[in-house]
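This report concerns only the one structure given below.
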Amino acid sequence: MGEFSNKVIYVSGAGRGFGRRVCEQFAEAGAALVVTDYSQELVSGTIDAVTAAGGNICGLAGDIALEETSQAIAALIAERHGALDIAINNAGIAQPQLRLHETDSTMAEKVIAVDLMGVFYAMKHQIPLMLKRVADNGSQCAILNVASAAGLMGSPMLAAYSAAKHGVVGLTRTAAVEYARKGIRVNCICPAFTKTDMVMEPLKTSPHGAQAAEQRMVAFNPMQRLGEVDEIVQAMIWAVSDANSFYNGQALAVDGGLSA
């Protein structure tokens with residue numbers, strides 16, 4: 001039996017990148033998974049892969065920027081499992097690299113709606129399910145929000161994205177203080193640029209060429225490279241482990257030293 005046997009775990013943005021990989025890891029460790037992403041194709045791909053490997057998983061597609069998506073997910077969790085042990089709020093979108101005055105306002109509103117309000121809505125509907133779990137059996141619950149190194153510092157050319165991720169850090173810290181005595185730990189992880197589709201796909205269309213664009217992206221990172229997906233995922237799993245029971249209210253930078 002794995003470390004997460006009998007745990008009910010929710011993962012958003014589960015169709016690819018960090019979300020897909022952490023689902024695979026949790027399933028191998030015995031968890032029951034509930035997942036979402038913006039398209040049914042992405043949700044089905046993760047469900048099919050985890051199911052083929054013998055995992056317990058269900059999910060639905062939806063726009064995490066809409067509160068009704070988080071309501072529907074909470075209803076699915078309550079129907080299938082009754083309560084929730086762990087939530088990984090991973091879904092997010094990027095923005096084009098533009099100076100603030102050149103940034104399209106509609107696009108900025110969308111980034112903030114997905115990357116910040118999506119986390120707010122998710123937590124709002126996850127917390128009652130976790131309070132029920134604590135009340136039922138005294139279990140400790142955990143929420144991990146995926147922020148960014150851009151949420152820890154000023155990030156030129158990424159004003160809306162950075163503002164949203166700073167907001168995620170603030171939500172995380174506030175919820176950690178509010179719910180620590182109620183048995184819910186809340187943390188966030190702040191990765192630097194990592195080899196996910198969200199990072200790599202725009203490089204392909206860079207006018208400077210993919211290789212040059214990547215070199216510019218990592219120019220200020222002390223390790224002079226992009227992160228690997230598994231490097232971030234292992235930290236995500238560590239953050240929500242029961243063995244890590246005194247870890248609360250933190251913004252964990254996994255960034256090659258960028259924020260140092």
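How things are named: the first chain in the structure tokens is A, the next is B, and so on; residues count from 1 in each chain; ligands count from 1 in the order shown.
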For Gly82 in chain A: contacts at 10 Å, only C-alpha atoms, fewer than 3 positions along chain excluded, given as a PyMOL selection string: chain A and resi 8+74-79+129-130+132-133
Same residues, N, CA and C atoms, output as a short mmCIF file (atom, residue, chain, number, x, y, z; two decimals), in the first residue's frame:
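Saved as part.cif:
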data_model
loop_
_atom_site.label_atom_id
_atom_site.label_comp_id
_atom_site.auth_asym_id
_atom_site.auth_seq_id
_atom_site.Cartn_x
_atom_site.Cartn_y
_atom_site.Cartn_z
N VAL A 8 -8.32 10.86 -0.60
CA VAL A 8 -9.03 11.43 -1.74
C VAL A 8 -8.31 12.72 -2.12
N ALA A 74 -16.80 19.99 -6.38
CA ALA A 74 -17.06 19.69 -4.97
C ALA A 74 -18.24 18.72 -4.84
N ALA A 75 -19.26 18.91 -5.68
CA ALA A 75 -20.42 18.01 -5.64
C ALA A 75 -20.01 16.60 -6.07
N LEU A 76 -19.13 16.50 -7.08
CA LEU A 76 -18.66 15.19 -7.52
C LEU A 76 -17.86 14.50 -6.42
N ILE A 77 -16.99 15.25 -5.75
CA ILE A 77 -16.21 14.67 -4.66
C ILE A 77 -17.12 14.19 -3.54
N ALA A 78 -18.10 15.02 -3.19
CA ALA A 78 -19.03 14.64 -2.12
C ALA A 78 -19.82 13.39 -2.48
N GLU A 79 -20.25 13.30 -3.75
CA GLU A 79 -21.03 12.15 -4.20
C GLU A 79 -20.19 10.87 -4.21
N LEU A 129 -15.38 20.51 2.45
CA LEU A 129 -15.19 19.06 2.34
C LEU A 129 -14.06 18.59 3.25
N MET A 130 -13.06 19.42 3.43
CA MET A 130 -11.95 19.07 4.32
C MET A 130 -12.35 19.20 5.78
N LYS A 132 -15.22 18.63 6.89
CA LYS A 132 -16.00 17.42 7.15
C LYS A 132 -15.09 16.23 7.42
N ARG A 133 -14.01 16.10 6.63
CA ARG A 133 -13.07 15.00 6.84
C ARG A 133 -12.45 15.09 8.24
#
Nearest-residue call for Ala14 in chain A, choices A:Ala72, A:Ile143, A:Ile88, A:Cys188, using only C-alpha atoms: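 Using only C-alpha atoms, the shortest distance to Ala14 in chain A belongs to A:Ile88.
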Selection near range 29-34 of chain A, 8 Å with only C-alpha atoms, sequence-local residues under 4 positions removed, as a VMD selection string: chain A and resid 1 to 11 23 25 55 to 59 77
Contact residues around range 165-173 of chain A with only C-alpha atoms at 9 Å, ignoring same-chain residues under 6 positions, as a PyMOL selection string: chain A and resi 112+115-117+119-120+143-153+186-190+248-251
For the residues in that selection, give me C-alpha atoms as a CSV table (one decimal), in the first residue's frame.
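This is the output file again17.csv:
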chain,number,residue,atom,x,y,z
A,112,ILE,CA,-6.3,37.0,-13.2
A,115,ASP,CA,-4.8,32.1,-12.1
A,116,LEU,CA,-6.1,33.9,-9.0
A,117,MET,CA,-9.9,33.7,-8.8
A,119,VAL,CA,-7.7,29.3,-6.9
A,120,PHE,CA,-10.1,31.3,-4.7
A,143,ILE,CA,-4.1,22.3,0.1
A,144,LEU,CA,-1.2,23.1,-2.2
A,145,ASN,CA,-1.6,26.0,-4.6
A,146,VAL,CA,0.7,26.2,-7.6
A,147,ALA,CA,2.0,29.8,-7.8
A,148,SER,CA,5.2,30.8,-9.4
A,149,ALA,CA,8.6,32.4,-8.9
A,150,ALA,CA,6.8,35.4,-10.5
A,151,GLY,CA,4.7,35.5,-7.4
A,152,LEU,CA,7.7,36.2,-5.2
A,153,MET,CA,9.4,39.0,-7.1
A,186,VAL,CA,-2.2,25.4,3.2
A,187,ASN,CA,1.0,26.0,1.2
A,188,CYS,CA,2.0,27.0,-2.3
A,189,ILE,CA,4.8,26.1,-4.6
A,190,CYS,CA,6.6,28.7,-6.7
A,248,ASN,CA,2.1,25.4,6.8
A,249,GLY,CA,1.6,28.9,5.2
A,250,GLN,CA,4.8,28.7,3.1
A,251,ALA,CA,5.6,29.7,-0.5
Within 10 Å of Glu231 in chain A using only C-alpha atoms, minus same-chain residues under 6 positions, as number ranges by chain: A: 18, 191, 194, 254-255
Near-range 201-203 of chain A list (9 Å; only C-alpha atoms; drop same-chain fewer than 5 positions) as a VMD selection string: chain A and resid 96 196 208 to 214
Pull C-alpha atoms from the residues just selected and write them as a CSV table (one decimal), in the first residue's frame.
chain,number,residue,atom,x,y,z
A,96,PRO,CA,2.6,36.9,-23.7
A,196,THR,CA,6.0,22.1,-19.4
A,208,HIS,CA,14.4,34.8,-32.1
A,209,GLY,CA,14.2,31.0,-32.5
A,210,ALA,CA,13.5,28.4,-29.8
A,211,GLN,CA,17.0,27.9,-28.6
A,212,ALA,CA,17.8,31.6,-28.3
A,213,ALA,CA,14.4,32.2,-26.6
A,214,GLU,CA,15.2,29.5,-24.1
Nearby residues (only C-alpha atoms) at most 9 Å from Leu42 in chain A, same-chain spacing under 5 positions excluded, as a PyMOL selection string: chain A and resi 13-16+36-37+47+61
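Closest approach to Ala49 in chain A among A:Val177, A:Ala192, A:Ala27, A:Ile237: A:Ala27, based on only C-alpha atoms.
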